[in-house]
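Taking it in order: structure first as structure tokens, then the write-up.
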Amino acid sequence: MSNFYVHSSSIVDDQVEIGEGTKIWCFCHIQSGAKIGRNCSFGQNVNISNNVKVGNGVKVQNNVSLYEGVELKDYVFCGPSCVFTNDLTPRAMYPKGSGRYKKTVVQKGATIGANATVVCGHSIGEFALIGAGAVVTSDVPAYALMVGVPARRQGWVCECGEILDGNLVCDICKREYKETDRGLEEAE
């Protein structure tokens, strides 16, 4: 008896690791070599490609494909139909193979909004928030609020998800932040 749930319409290949408490809903495909943490949730029609790494507490909504080269750290949220790429110059006639895919790492607690696109080869900082429909074409600092095409920083967000004003103190949870060269970090 497994300690995770896989809907009967989903396919889980051999040599896959799935953590305790994880739920994989309808019409998903988890490919060989994928490693999925504890207490994750994968909505309808999610594809997790070969050798993808997913941390604990990750939520991936409907119609998302995590291609080889993508790594999601703990507590990442992927909104419905968001897109990850793994090849900057794909050609059907000249496939590159996994050794030449560009890596994309989404750090702890980050959110990718519905229908956003993350172009490969970039890192999304911890607790960053990518707005719905945005197209990420560069690295994203920690706690950055990114919107538009291409995505540009429009402000900062708290770990709890609230948009911060200029004083960098959250009105909801009262966390305080300071700017650094890699984005925000919580003040001590």
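Residue numbering restarts at 1 for every chain of the structure tokens, chains are lettered A, B, ... in their displayed order, and ligands are numbered from 1 as they appear.
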
**Request:** For stretch 29-40 of chain A, list every protein, DNA or RNA residue within 12 Å, evaluated using only C-alpha atoms, and leave out those in the same chain fewer than 5 positions away; present the list as a PyMOL selection string.
**Result:** chain A and resi 3-24+45-61+63-78

**Asked** Excluding same-chain residues fewer than 2 positions from A:Ser81, what lies within 7 Å of it counting only C-alpha atoms, as a ChimeraX atom specification?
**Response** /A:62-64,79,83,114-115

Selection export as a short mmCIF file (atom, residue, chain, number, x, y, z; two decimals), in the first residue's frame, atoms kept: C-alpha atoms:
data_model
loop_
_atom_site.label_atom_id
_atom_site.label_comp_id
_atom_site.auth_asym_id
_atom_site.auth_seq_id
_atom_site.Cartn_x
_atom_site.Cartn_y
_atom_site.Cartn_z
CA ASN A 62 -4.05 21.92 -14.17
CA ASN A 63 -2.33 21.73 -17.58
CA VAL A 64 1.28 22.33 -16.52
CA GLY A 79 -0.80 28.34 -11.54
CA VAL A 83 4.66 27.11 -19.12
CA ALA A 114 -1.70 31.31 -14.47
CA ASN A 115 -0.55 31.27 -18.11
#

Could you pull out the residues in chain A that DSSP calls strand (DSSP E or B) from the backbone, as a short mmCIF file (atom, residue, chain, number, x, y, z; two decimals) with all heavy atoms, in the first residue's frame?
data_model
loop_
_atom_site.label_atom_id
_atom_site.label_comp_id
_atom_site.auth_asym_id
_atom_site.auth_seq_id
_atom_site.Cartn_x
_atom_site.Cartn_y
_atom_site.Cartn_z
N TYR A 5 -1.31 9.31 -3.28
CA TYR A 5 -2.49 9.00 -4.09
C TYR A 5 -2.18 9.28 -5.56
O TYR A 5 -1.64 10.35 -5.91
CB TYR A 5 -3.66 9.88 -3.66
CG TYR A 5 -4.85 9.77 -4.58
CD1 TYR A 5 -5.71 8.69 -4.51
CD2 TYR A 5 -5.10 10.75 -5.53
CE1 TYR A 5 -6.80 8.58 -5.37
CE2 TYR A 5 -6.19 10.66 -6.40
CZ TYR A 5 -7.03 9.57 -6.31
OH TYR A 5 -8.10 9.47 -7.16
N VAL A 6 -2.52 8.33 -6.43
CA VAL A 6 -2.44 8.51 -7.88
C VAL A 6 -3.78 8.11 -8.47
O VAL A 6 -4.22 6.97 -8.30
CB VAL A 6 -1.31 7.66 -8.50
CG1 VAL A 6 -1.29 7.82 -10.01
CG2 VAL A 6 0.05 8.02 -7.90
N ILE A 11 -0.56 8.01 -15.26
CA ILE A 11 0.50 7.06 -15.54
C ILE A 11 1.74 7.47 -14.75
O ILE A 11 2.19 8.62 -14.85
CB ILE A 11 0.84 7.02 -17.05
CG1 ILE A 11 -0.39 6.60 -17.85
CG2 ILE A 11 2.04 6.12 -17.32
CD1 ILE A 11 -0.24 6.83 -19.34
N VAL A 12 2.30 6.53 -14.01
CA VAL A 12 3.56 6.74 -13.30
C VAL A 12 4.54 5.71 -13.82
O VAL A 12 4.35 4.50 -13.64
CB VAL A 12 3.38 6.63 -11.77
CG1 VAL A 12 4.73 6.78 -11.08
CG2 VAL A 12 2.38 7.66 -11.26
N GLU A 17 10.26 8.55 -7.79
CA GLU A 17 10.12 8.69 -6.34
C GLU A 17 8.99 9.67 -6.05
O GLU A 17 9.00 10.78 -6.58
CB GLU A 17 11.41 9.22 -5.72
CG GLU A 17 12.59 8.28 -5.83
CD GLU A 17 13.86 8.87 -5.25
OE1 GLU A 17 13.78 9.78 -4.40
OE2 GLU A 17 14.94 8.43 -5.67
N ILE A 18 8.04 9.24 -5.22
CA ILE A 18 6.91 10.09 -4.84
C ILE A 18 6.81 10.08 -3.32
O ILE A 18 6.71 9.02 -2.70
CB ILE A 18 5.59 9.60 -5.46
CG1 ILE A 18 5.70 9.60 -6.98
CG2 ILE A 18 4.43 10.50 -5.00
CD1 ILE A 18 4.50 8.98 -7.69
N LYS A 23 -0.55 13.97 -3.83
CA LYS A 23 -1.76 13.61 -4.59
C LYS A 23 -1.55 13.96 -6.06
O LYS A 23 -1.22 15.09 -6.39
CB LYS A 23 -2.96 14.34 -4.04
CG LYS A 23 -3.34 13.90 -2.63
CD LYS A 23 -4.53 14.69 -2.11
CE LYS A 23 -4.98 14.19 -0.78
NZ LYS A 23 -4.03 14.34 0.29
N ILE A 24 -1.76 12.96 -6.91
CA ILE A 24 -1.63 13.12 -8.36
C ILE A 24 -3.00 12.84 -8.95
O ILE A 24 -3.49 11.72 -8.90
CB ILE A 24 -0.55 12.18 -8.92
CG1 ILE A 24 0.80 12.51 -8.28
CG2 ILE A 24 -0.50 12.25 -10.44
CD1 ILE A 24 1.88 11.51 -8.53
N HIS A 29 1.00 12.41 -16.12
CA HIS A 29 2.05 11.47 -16.50
C HIS A 29 3.32 11.87 -15.75
O HIS A 29 3.81 13.00 -15.91
CB HIS A 29 2.29 11.49 -18.01
CG HIS A 29 3.28 10.46 -18.45
ND1 HIS A 29 3.77 10.44 -19.74
CD2 HIS A 29 3.89 9.43 -17.82
CE1 HIS A 29 4.63 9.43 -19.86
NE2 HIS A 29 4.72 8.81 -18.70
N ILE A 30 3.83 10.96 -14.95
CA ILE A 30 5.08 11.17 -14.21
C ILE A 30 6.12 10.26 -14.86
O ILE A 30 5.98 9.03 -14.82
CB ILE A 30 4.92 10.84 -12.72
CG1 ILE A 30 3.63 11.42 -12.12
CG2 ILE A 30 6.17 11.27 -11.95
CD1 ILE A 30 3.50 12.91 -12.22
N LYS A 35 11.61 12.96 -9.31
CA LYS A 35 11.64 12.88 -7.85
C LYS A 35 10.71 13.93 -7.30
O LYS A 35 10.91 15.13 -7.52
CB LYS A 35 13.06 13.10 -7.33
CG LYS A 35 14.02 12.02 -7.75
CD LYS A 35 15.41 12.27 -7.21
CE LYS A 35 16.34 11.15 -7.69
NZ LYS A 35 17.71 11.35 -7.24
N ILE A 36 9.68 13.47 -6.59
CA ILE A 36 8.63 14.34 -6.06
C ILE A 36 8.62 14.23 -4.54
O ILE A 36 8.62 13.13 -3.99
CB ILE A 36 7.26 13.94 -6.63
CG1 ILE A 36 7.28 14.09 -8.16
CG2 ILE A 36 6.15 14.76 -6.00
CD1 ILE A 36 6.08 13.50 -8.84
N SER A 41 0.71 18.44 -4.59
CA SER A 41 -0.56 18.25 -5.28
C SER A 41 -0.38 18.60 -6.75
O SER A 41 0.13 19.68 -7.07
CB SER A 41 -1.64 19.15 -4.67
OG SER A 41 -2.85 19.02 -5.39
N PHE A 42 -0.78 17.67 -7.63
CA PHE A 42 -0.69 17.87 -9.07
C PHE A 42 -2.09 17.77 -9.65
O PHE A 42 -2.73 16.73 -9.57
CB PHE A 42 0.24 16.83 -9.70
CG PHE A 42 1.64 16.94 -9.16
CD1 PHE A 42 2.04 16.17 -8.08
CD2 PHE A 42 2.53 17.83 -9.72
CE1 PHE A 42 3.32 16.30 -7.56
CE2 PHE A 42 3.82 17.96 -9.20
CZ PHE A 42 4.20 17.18 -8.12
N ASN A 47 2.16 17.03 -16.66
CA ASN A 47 3.22 16.15 -17.11
C ASN A 47 4.50 16.52 -16.37
O ASN A 47 4.90 17.69 -16.36
CB ASN A 47 3.45 16.30 -18.62
CG ASN A 47 4.58 15.42 -19.10
OD1 ASN A 47 4.50 14.20 -19.04
ND2 ASN A 47 5.64 16.04 -19.57
N ILE A 48 5.14 15.53 -15.76
CA ILE A 48 6.43 15.74 -15.11
C ILE A 48 7.43 14.88 -15.86
O ILE A 48 7.36 13.65 -15.82
CB ILE A 48 6.37 15.38 -13.61
CG1 ILE A 48 5.31 16.25 -12.93
CG2 ILE A 48 7.74 15.58 -12.98
CD1 ILE A 48 5.10 15.94 -11.48
N LYS A 53 12.97 17.44 -10.66
CA LYS A 53 12.97 17.41 -9.19
C LYS A 53 11.94 18.38 -8.66
O LYS A 53 11.92 19.55 -9.06
CB LYS A 53 14.35 17.78 -8.65
CG LYS A 53 15.42 16.78 -9.00
CD LYS A 53 16.77 17.23 -8.47
CE LYS A 53 17.85 16.28 -8.93
NZ LYS A 53 19.19 16.77 -8.59
N VAL A 54 11.10 17.89 -7.75
CA VAL A 54 10.05 18.69 -7.13
C VAL A 54 10.19 18.55 -5.62
O VAL A 54 10.23 17.42 -5.11
CB VAL A 54 8.66 18.23 -7.60
CG1 VAL A 54 7.56 19.00 -6.89
CG2 VAL A 54 8.52 18.36 -9.12
N LYS A 59 2.53 22.82 -5.16
CA LYS A 59 1.21 22.72 -5.77
C LYS A 59 1.32 23.11 -7.24
O LYS A 59 1.73 24.22 -7.56
CB LYS A 59 0.21 23.62 -5.06
CG LYS A 59 -0.01 23.20 -3.61
CD LYS A 59 -1.18 23.92 -3.00
CE LYS A 59 -1.39 23.58 -1.55
NZ LYS A 59 -1.24 22.24 -1.15
N VAL A 60 0.96 22.17 -8.11
CA VAL A 60 0.99 22.39 -9.56
C VAL A 60 -0.43 22.24 -10.06
O VAL A 60 -1.02 21.17 -9.96
CB VAL A 60 1.95 21.40 -10.26
CG1 VAL A 60 1.93 21.61 -11.77
CG2 VAL A 60 3.36 21.53 -9.71
N SER A 65 3.24 21.47 -17.67
CA SER A 65 4.29 20.50 -17.98
C SER A 65 5.60 20.98 -17.38
O SER A 65 6.02 22.11 -17.64
CB SER A 65 4.45 20.33 -19.50
OG SER A 65 3.32 19.69 -20.04
N LEU A 66 6.21 20.13 -16.58
CA LEU A 66 7.53 20.40 -16.02
C LEU A 66 8.52 19.60 -16.84
O LEU A 66 8.63 18.38 -16.68
CB LEU A 66 7.59 20.01 -14.55
CG LEU A 66 6.58 20.67 -13.63
CD1 LEU A 66 6.71 20.13 -12.21
CD2 LEU A 66 6.72 22.18 -13.66
N VAL A 70 13.88 21.41 -15.28
CA VAL A 70 13.15 22.25 -14.33
C VAL A 70 13.28 21.64 -12.94
O VAL A 70 13.14 20.43 -12.76
CB VAL A 70 11.66 22.37 -14.72
CG1 VAL A 70 10.86 23.10 -13.64
CG2 VAL A 70 11.52 23.08 -16.06
N GLU A 71 13.55 22.49 -11.96
CA GLU A 71 13.57 22.07 -10.57
C GLU A 71 12.74 23.04 -9.75
O GLU A 71 12.96 24.25 -9.80
CB GLU A 71 15.00 22.02 -10.02
CG GLU A 71 15.06 21.57 -8.58
CD GLU A 71 16.46 21.42 -8.04
OE1 GLU A 71 17.43 21.58 -8.80
OE2 GLU A 71 16.59 21.15 -6.82
N LEU A 72 11.78 22.49 -9.01
CA LEU A 72 10.95 23.29 -8.12
C LEU A 72 11.34 22.97 -6.68
O LEU A 72 11.24 21.83 -6.25
CB LEU A 72 9.46 22.97 -8.32
CG LEU A 72 8.90 23.07 -9.74
CD1 LEU A 72 7.41 22.74 -9.74
CD2 LEU A 72 9.16 24.44 -10.34
N PHE A 77 4.35 27.26 -6.01
CA PHE A 77 2.99 27.19 -6.56
C PHE A 77 3.06 27.51 -8.04
O PHE A 77 3.58 28.56 -8.43
CB PHE A 77 2.08 28.21 -5.86
CG PHE A 77 0.68 28.20 -6.41
CD1 PHE A 77 -0.29 27.38 -5.86
CD2 PHE A 77 0.33 29.03 -7.47
CE1 PHE A 77 -1.59 27.37 -6.36
CE2 PHE A 77 -0.97 29.02 -7.98
CZ PHE A 77 -1.92 28.19 -7.43
N CYS A 78 2.54 26.60 -8.87
CA CYS A 78 2.45 26.81 -10.32
C CYS A 78 0.99 26.92 -10.70
O CYS A 78 0.23 25.96 -10.58
CB CYS A 78 3.10 25.64 -11.07
SG CYS A 78 4.87 25.49 -10.80
N VAL A 83 3.81 27.81 -18.17
CA VAL A 83 4.66 27.11 -19.12
C VAL A 83 6.13 27.25 -18.73
O VAL A 83 6.58 28.34 -18.38
CB VAL A 83 4.47 27.70 -20.55
CG1 VAL A 83 5.44 27.08 -21.54
CG2 VAL A 83 3.03 27.52 -21.00
N PHE A 84 6.85 26.14 -18.80
CA PHE A 84 8.30 26.13 -18.63
C PHE A 84 8.91 25.62 -19.94
O PHE A 84 8.40 24.68 -20.53
CB PHE A 84 8.71 25.18 -17.50
CG PHE A 84 8.28 25.64 -16.14
CD1 PHE A 84 7.05 25.28 -15.63
CD2 PHE A 84 9.13 26.44 -15.37
CE1 PHE A 84 6.65 25.70 -14.38
CE2 PHE A 84 8.73 26.86 -14.12
CZ PHE A 84 7.50 26.49 -13.62
N THR A 104 16.25 25.44 -15.21
CA THR A 104 15.43 26.47 -14.58
C THR A 104 15.19 26.03 -13.15
O THR A 104 14.71 24.92 -12.93
CB THR A 104 14.08 26.63 -15.31
OG1 THR A 104 14.32 27.04 -16.65
CG2 THR A 104 13.20 27.65 -14.61
N VAL A 105 15.54 26.89 -12.20
CA VAL A 105 15.33 26.57 -10.79
C VAL A 105 14.38 27.61 -10.21
O VAL A 105 14.61 28.82 -10.33
CB VAL A 105 16.66 26.56 -10.01
CG1 VAL A 105 16.41 26.28 -8.54
CG2 VAL A 105 17.62 25.54 -10.60
N VAL A 106 13.31 27.11 -9.58
CA VAL A 106 12.35 27.97 -8.90
C VAL A 106 12.55 27.75 -7.40
O VAL A 106 12.34 26.65 -6.90
CB VAL A 106 10.91 27.65 -9.33
CG1 VAL A 106 9.93 28.60 -8.65
CG2 VAL A 106 10.76 27.73 -10.86
N THR A 111 5.85 31.77 -6.53
CA THR A 111 4.58 31.54 -7.21
C THR A 111 4.71 31.93 -8.67
O THR A 111 5.20 33.02 -8.98
CB THR A 111 3.46 32.38 -6.56
OG1 THR A 111 3.22 31.89 -5.24
CG2 THR A 111 2.17 32.31 -7.37
N ILE A 112 4.24 31.05 -9.55
CA ILE A 112 4.17 31.33 -10.98
C ILE A 112 2.68 31.44 -11.31
O ILE A 112 1.93 30.48 -11.12
CB ILE A 112 4.78 30.18 -11.83
CG1 ILE A 112 6.12 29.71 -11.28
CG2 ILE A 112 4.85 30.57 -13.29
CD1 ILE A 112 7.22 30.71 -11.31
N THR A 117 4.83 32.33 -18.59
CA THR A 117 5.84 31.53 -19.28
C THR A 117 7.20 31.83 -18.65
O THR A 117 7.56 33.00 -18.48
CB THR A 117 5.89 31.88 -20.78
OG1 THR A 117 4.63 31.55 -21.37
CG2 THR A 117 6.99 31.10 -21.50
N VAL A 118 7.93 30.76 -18.32
CA VAL A 118 9.28 30.90 -17.77
C VAL A 118 10.24 30.35 -18.82
O VAL A 118 10.27 29.15 -19.08
CB VAL A 118 9.43 30.15 -16.44
CG1 VAL A 118 10.85 30.28 -15.91
CG2 VAL A 118 8.41 30.66 -15.41
N SER A 123 16.75 31.58 -12.98
CA SER A 123 16.37 31.22 -11.62
C SER A 123 15.32 32.20 -11.13
O SER A 123 15.42 33.40 -11.41
CB SER A 123 17.60 31.27 -10.70
OG SER A 123 17.24 30.96 -9.38
N ILE A 124 14.34 31.68 -10.43
CA ILE A 124 13.32 32.53 -9.81
C ILE A 124 13.57 32.48 -8.31
O ILE A 124 13.58 31.41 -7.70
CB ILE A 124 11.91 32.05 -10.17
CG1 ILE A 124 11.72 32.21 -11.69
CG2 ILE A 124 10.86 32.81 -9.39
CD1 ILE A 124 10.41 31.71 -12.21
N LEU A 129 6.91 36.42 -6.90
CA LEU A 129 5.57 36.22 -7.43
C LEU A 129 5.56 36.66 -8.89
O LEU A 129 5.79 37.84 -9.17
CB LEU A 129 4.55 37.01 -6.61
CG LEU A 129 3.09 36.62 -6.83
CD1 LEU A 129 2.27 36.95 -5.59
CD2 LEU A 129 2.49 37.28 -8.03
N ILE A 130 5.32 35.71 -9.79
CA ILE A 130 5.25 35.99 -11.22
C ILE A 130 3.77 36.14 -11.56
O ILE A 130 2.99 35.21 -11.39
CB ILE A 130 5.87 34.84 -12.05
CG1 ILE A 130 7.26 34.46 -11.54
CG2 ILE A 130 5.88 35.21 -13.53
CD1 ILE A 130 8.27 35.57 -11.49
N VAL A 135 5.94 36.90 -18.93
CA VAL A 135 6.94 36.09 -19.60
C VAL A 135 8.30 36.40 -18.98
O VAL A 135 8.84 37.50 -19.16
CB VAL A 135 6.97 36.36 -21.12
CG1 VAL A 135 8.06 35.54 -21.79
CG2 VAL A 135 5.61 36.03 -21.74
N VAL A 136 8.84 35.43 -18.25
CA VAL A 136 10.11 35.60 -17.55
C VAL A 136 11.25 35.29 -18.51
O VAL A 136 11.36 34.18 -19.02
CB VAL A 136 10.17 34.68 -16.31
CG1 VAL A 136 11.55 34.74 -15.65
CG2 VAL A 136 9.08 35.03 -15.32
N VAL A 140 15.09 36.24 -11.62
CA VAL A 140 14.13 37.00 -10.81
C VAL A 140 14.66 37.05 -9.38
O VAL A 140 14.94 36.01 -8.78
CB VAL A 140 12.74 36.33 -10.85
CG1 VAL A 140 11.78 37.01 -9.89
CG2 VAL A 140 12.19 36.33 -12.28
N ALA A 142 14.78 37.48 -5.24
CA ALA A 142 13.94 37.00 -4.14
C ALA A 142 12.89 38.06 -3.80
O ALA A 142 13.19 39.26 -3.77
CB ALA A 142 14.80 36.71 -2.92
N ALA A 144 10.53 39.34 -5.47
CA ALA A 144 10.15 40.29 -6.52
C ALA A 144 8.74 40.01 -7.03
O ALA A 144 8.34 38.86 -7.18
CB ALA A 144 11.13 40.22 -7.68
N LEU A 145 8.00 41.06 -7.32
CA LEU A 145 6.71 40.99 -8.02
C LEU A 145 6.99 41.30 -9.48
O LEU A 145 7.41 42.41 -9.82
CB LEU A 145 5.73 42.00 -7.44
CG LEU A 145 4.42 42.18 -8.21
CD1 LEU A 145 3.63 40.88 -8.25
CD2 LEU A 145 3.60 43.31 -7.60
N MET A 146 6.80 40.31 -10.35
CA MET A 146 7.14 40.43 -11.77
C MET A 146 5.87 40.36 -12.61
O MET A 146 5.08 39.42 -12.46
CB MET A 146 8.08 39.31 -12.19
CG MET A 146 9.35 39.20 -11.37
SD MET A 146 10.52 40.55 -11.62
CE MET A 146 11.15 40.12 -13.24
N VAL A 147 5.68 41.33 -13.51
CA VAL A 147 4.51 41.34 -14.40
C VAL A 147 4.93 41.80 -15.79
O VAL A 147 5.95 42.45 -15.96
CB VAL A 147 3.37 42.24 -13.86
CG1 VAL A 147 2.87 41.75 -12.51
CG2 VAL A 147 3.81 43.69 -13.76
N ARG A 152 8.86 42.43 -15.84
CA ARG A 152 9.68 43.45 -15.17
C ARG A 152 9.23 43.53 -13.71
O ARG A 152 8.06 43.33 -13.40
CB ARG A 152 9.48 44.82 -15.81
CG ARG A 152 9.84 44.87 -17.28
CD ARG A 152 11.31 45.18 -17.46
NE ARG A 152 11.61 45.41 -18.85
CZ ARG A 152 12.36 44.61 -19.60
NH1 ARG A 152 12.87 43.51 -19.08
NH2 ARG A 152 12.61 44.88 -20.84
N ARG A 153 10.17 43.89 -12.83
CA ARG A 153 9.82 44.01 -11.42
C ARG A 153 8.96 45.25 -11.21
O ARG A 153 9.33 46.35 -11.58
CB ARG A 153 11.08 44.08 -10.54
CG ARG A 153 10.73 43.96 -9.05
CD ARG A 153 11.94 43.97 -8.16
NE ARG A 153 12.62 45.26 -8.15
CZ ARG A 153 12.19 46.33 -7.47
NH1 ARG A 153 11.09 46.27 -6.74
NH2 ARG A 153 12.86 47.46 -7.54
N GLN A 154 7.78 45.01 -10.61
CA GLN A 154 6.84 46.10 -10.33
C GLN A 154 6.71 46.38 -8.84
O GLN A 154 5.88 47.18 -8.44
CB GLN A 154 5.46 45.76 -10.91
CG GLN A 154 5.45 45.66 -12.40
CD GLN A 154 5.84 46.97 -13.07
OE1 GLN A 154 5.28 48.02 -12.78
NE2 GLN A 154 6.83 46.92 -13.95
N GLY A 155 7.50 45.69 -8.04
CA GLY A 155 7.46 45.88 -6.60
C GLY A 155 8.00 44.66 -5.90
O GLY A 155 8.72 43.84 -6.51
N TRP A 156 7.65 44.57 -4.62
CA TRP A 156 8.11 43.46 -3.78
C TRP A 156 6.90 42.83 -3.10
O TRP A 156 5.89 43.50 -2.88
CB TRP A 156 9.08 43.97 -2.72
CG TRP A 156 10.32 44.62 -3.25
CD1 TRP A 156 10.61 45.95 -3.23
CD2 TRP A 156 11.44 43.98 -3.86
NE1 TRP A 156 11.85 46.17 -3.80
CE2 TRP A 156 12.37 44.98 -4.18
CE3 TRP A 156 11.75 42.66 -4.17
CZ2 TRP A 156 13.59 44.71 -4.80
CZ3 TRP A 156 12.97 42.38 -4.77
CH2 TRP A 156 13.87 43.39 -5.08
N VAL A 157 7.02 41.55 -2.77
CA VAL A 157 5.96 40.85 -2.04
C VAL A 157 6.52 40.21 -0.78
O VAL A 157 7.69 39.85 -0.71
CB VAL A 157 5.28 39.76 -2.91
CG1 VAL A 157 4.50 40.38 -4.05
CG2 VAL A 157 6.28 38.76 -3.44
N ILE A 163 1.49 42.33 -1.25
CA ILE A 163 2.35 43.30 -1.92
C ILE A 163 2.80 44.32 -0.87
O ILE A 163 2.00 44.83 -0.08
CB ILE A 163 1.61 43.99 -3.08
CG1 ILE A 163 1.25 42.94 -4.14
CG2 ILE A 163 2.45 45.11 -3.68
CD1 ILE A 163 0.37 43.44 -5.26
N VAL A 169 7.44 46.74 5.04
CA VAL A 169 6.84 46.06 6.19
C VAL A 169 5.46 45.58 5.77
O VAL A 169 4.66 46.35 5.25
CB VAL A 169 6.73 47.00 7.42
CG1 VAL A 169 6.02 46.30 8.57
CG2 VAL A 169 8.11 47.49 7.84
N GLU A 176 9.29 42.34 8.33
CA GLU A 176 10.04 43.48 7.84
C GLU A 176 11.17 42.99 6.95
O GLU A 176 11.79 41.97 7.23
CB GLU A 176 10.61 44.28 9.01
CG GLU A 176 9.54 44.86 9.91
CD GLU A 176 10.13 45.65 11.07
OE1 GLU A 176 11.26 46.19 10.93
OE2 GLU A 176 9.47 45.73 12.11
N TYR A 177 11.45 43.75 5.87
CA TYR A 177 12.45 43.35 4.89
C TYR A 177 13.45 44.46 4.65
O TYR A 177 13.20 45.63 4.97
CB TYR A 177 11.76 42.99 3.57
CG TYR A 177 10.86 41.80 3.68
CD1 TYR A 177 9.51 41.93 4.00
CD2 TYR A 177 11.37 40.51 3.51
CE1 TYR A 177 8.69 40.82 4.13
CE2 TYR A 177 10.56 39.40 3.63
CZ TYR A 177 9.23 39.57 3.94
OH TYR A 177 8.42 38.47 4.08
N LYS A 178 14.58 44.08 4.04
CA LYS A 178 15.56 45.05 3.57
C LYS A 178 16.03 44.60 2.20
O LYS A 178 16.07 43.42 1.88
CB LYS A 178 16.73 45.16 4.54
CG LYS A 178 17.52 43.88 4.72
CD LYS A 178 18.64 44.06 5.74
CE LYS A 178 19.38 42.73 5.91
NZ LYS A 178 20.42 42.80 6.90
N GLU A 179 16.38 45.58 1.35
CA GLU A 179 16.87 45.27 0.01
C GLU A 179 18.33 44.83 0.08
O GLU A 179 19.11 45.37 0.86
CB GLU A 179 16.74 46.49 -0.91
CG GLU A 179 15.31 46.72 -1.36
CD GLU A 179 15.21 47.71 -2.50
OE1 GLU A 179 15.90 47.52 -3.54
OE2 GLU A 179 14.43 48.66 -2.36
N THR A 180 18.67 43.84 -0.77
CA THR A 180 20.03 43.36 -0.90
C THR A 180 20.35 43.24 -2.39
O THR A 180 19.47 43.48 -3.23
CB THR A 180 20.22 41.98 -0.22
OG1 THR A 180 19.54 40.99 -1.02
CG2 THR A 180 19.70 41.95 1.20
N GLY A 183 17.85 40.76 -4.05
CA GLY A 183 16.41 40.99 -3.86
C GLY A 183 16.15 41.49 -2.46
O GLY A 183 16.88 42.33 -1.96
N LEU A 184 15.12 40.94 -1.85
CA LEU A 184 14.84 41.27 -0.45
C LEU A 184 15.29 40.14 0.44
O LEU A 184 15.41 38.99 0.02
CB LEU A 184 13.33 41.47 -0.22
CG LEU A 184 12.63 42.67 -0.79
CD1 LEU A 184 11.20 42.74 -0.26
CD2 LEU A 184 13.35 43.97 -0.50
N GLU A 185 15.51 40.48 1.70
CA GLU A 185 15.65 39.45 2.72
C GLU A 185 14.98 39.99 3.98
O GLU A 185 14.84 41.20 4.16
CB GLU A 185 17.11 39.07 2.98
CG GLU A 185 17.97 40.14 3.54
CD GLU A 185 19.41 39.66 3.75
OE1 GLU A 185 19.94 38.94 2.91
OE2 GLU A 185 19.99 40.05 4.78
N GLU A 186 14.54 39.07 4.81
CA GLU A 186 13.86 39.46 6.02
C GLU A 186 14.84 40.15 6.96
O GLU A 186 15.96 39.69 7.16
CB GLU A 186 13.22 38.24 6.69
CG GLU A 186 12.11 38.61 7.63
CD GLU A 186 11.23 37.44 8.03
OE1 GLU A 186 11.30 36.37 7.40
OE2 GLU A 186 10.46 37.62 8.99
#

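Residue nearest A:Cys82 within the list A:Trp25, A:Val119, A:Leu164, A:Glu126: A:Val119 [criterion: smallest interatomic distance, only C-alpha atoms].
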
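Counting only C-alpha atoms, the residue from A:Tyr143, A:Thr85, A:Lys108, A:Pro150 that sits nearest to A:Cys120 is A:Thr85.
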
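Of the residues listed (A:Lys102, A:Gly166, A:Gln44, A:Gly148), A:Gly148 shows the shortest atom-to-atom separation from A:Gly131; distances use only C-alpha atoms.
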
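For the pair atom CA of A:Gly161 and atom CA of A:Gly125, the interatomic distance is 13.8 Å.
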